[in-house]
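> Have a look at the structure that comes next, please.
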Number of protein chains: 2
Amino acid sequence: MHPATQMIREILDVSAEFEGHLGRELSVNPTDLAAMEHLIQSGPLAPSELARRLHITPPAVTASVDRLEAVGHVLRTHDAGDRRRIVITASQASTAQAMGVLMPMIRDVDRVIESFDADQQAAITRYLDQVLVAYRSHIPSDGSA
Amino acid sequence: MHPATQMIREILDVSAEFEGHLGRELSVNPTDLAAMEHLIQSGPLAPSELARRLHITPPAVTASVDRLEAVGHVLRTHDAGDRRRIVITASQASTAQAMGVLMPMIRDVDRVIESFDADQQAAITRYLDQVLVAYRSHIPSDGSA
DNA sequence: ATCCATTACTTAAAGAGGTGAACTATTCGA
DNA sequence: TCGAATAGTTCACCTCTTTAAGTAATGGAT
């Protein structure tokens, strides 16, 4: 196995550790953390959308949002137009708290590539893109339809 | 966020999907899959070592090994020298089954870097190494002692 | 040589989180 | 306006995990 391939695997491990750290920081379980990440990344979302993204069922989302709401991490609001619909919003304070952990890490990772010249940066970007392609080619395309 | 940084994040997502695929292939839950991966990667391990690596408690390992043993994925053997100790070994057939999914993916990812010239390969490798360093610098060094 | 503390794993009871099925409220097309 | 569809929730049940207690084996101190 090429050192680069091995390092990608190590990045996966380190990333998992980082998630654990962030989860402890916000005092939430992995599912609730994943929900928070989507809400912070994408803005307010419907429970059904969270269910789709987290690969869990609607009742599990209800439970997750209950937990997050109880500790003030998110807010439930009813959609004005369609009163069946609920919108989940990450609280400002919790978003800031998560950002406080995420941003410095992202900034540092982002900074790494800047120390390479344009040609090297292009190579790195193309490499990552092709790794992504290779990875994806080994995942059966869902088939849930 | 630089495209490269964004792609690393996407690799994390795709990798998670791939894990799901492998788990379905072996018909095991995420915990049991993680155990299998360690056993395949590192060879026979003690339950206590699995507990340490998977960040779960010894009873959870007992349960996991019970499940894996029941479907023939692993074998429990008593250590000859110290009869308190147990050694868990991944079965030959299950290892081959997992390899059948893993190897083609690893091979393809490994192949990606070969299409770059020596200078670019060095840049890619150094980039990944520094990303790893950056990532690690944002993880509190355990502190469980 | 024999205790007693320690180590390694398991069993047991209880808790957290997930799913499928059924329920409630709301919207929308015939 | 009424039946079907949609969105979210409640309910019962199941799986997996943890803490606490139990069992077996080892090993150092006497």
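Ordering of the structure tokens sets the chain letters (A, B, ...), residue numbers begin anew at 1 in every chain, and ligands are numbered from 1 in the order given.
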Given only C-alpha atoms (C1' of nucleotides), how would the per-residue table for chain D near chain A read, listing every residue at most 10 Å away with its closest atom pair and distance in Å to one decimal, sorted by chain and number, as a Markdown table?

```
| residue | atom | partner | partner_atom | distance |
| --- | --- | --- | --- | --- |
| D:DT6 | C1' | A:Arg84 | CA | 8.2 |
| D:DA7 | C1' | A:Arg84 | CA | 5.3 |
| D:DG8 | C1' | A:Arg84 | CA | 7.1 |
| D:DT9 | C1' | A:Pro59 | CA | 7.2 |
| D:DT10 | C1' | A:Pro59 | CA | 8.8 |
```
> After fitting chain A to chain B over all Cα atoms matched in order, what RMSD is left?
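For chain B versus chain A, the C-alpha RMSD is 0.2 Å.
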> At what distance in Å, to one decimal, does C1' of DT17 in chain D lie from CA of Ser27 in chain A?
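C1' of DT17 in chain D lies at a distance of 17.4 Å from CA of Ser27 in chain A.
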> Report as an MDAnalysis selection string the set of chain B residues whose atoms approach chain A to within 8 Å, with distances computed over only C-alpha atoms.
chainID B and resid 1:5 7:8 10:12 14:15 17:18 21 104:106 108:110 112:113 116 120 123:125 127:132 134:136 138:140
> Measure the distance from CA of Pro44 in chain B to CA of Val87 in chain B in Å and round it to one decimal.
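Here the two named atoms are 6.1 Å from each other.
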> Using DSSP on the backbone coordinates, identify the residues of chain A assigned to helix (DSSP H, G or I); present them as a PyMOL selection string.
chain A and resi 3-26+30-42+47-54+58-70+92-115+118-136
> Report, in Å to a single decimal, how far apart C1' of DA12 in chain C and CA of Pro30 in chain B are.
24.5 Å
> Would you mind listing, as a list in words, all residues of chain C that have at least one atom within 10 Å of chain B, where only C-alpha atoms (C1' of nucleotides) are what counts?
DT7, DA8, DC9, DT10 and DT11 of chain C
> Identify which of the residues D:DC16, D:DA25, D:DG3, D:DT30 lies closest to DA1 in chain C, counting only C-alpha atoms (C1' of nucleotides) when measuring atom-to-atom distances.
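Ranking D:DC16, D:DA25, D:DG3, D:DT30 by distance to DA1 in chain C, first place goes to D:DT30.
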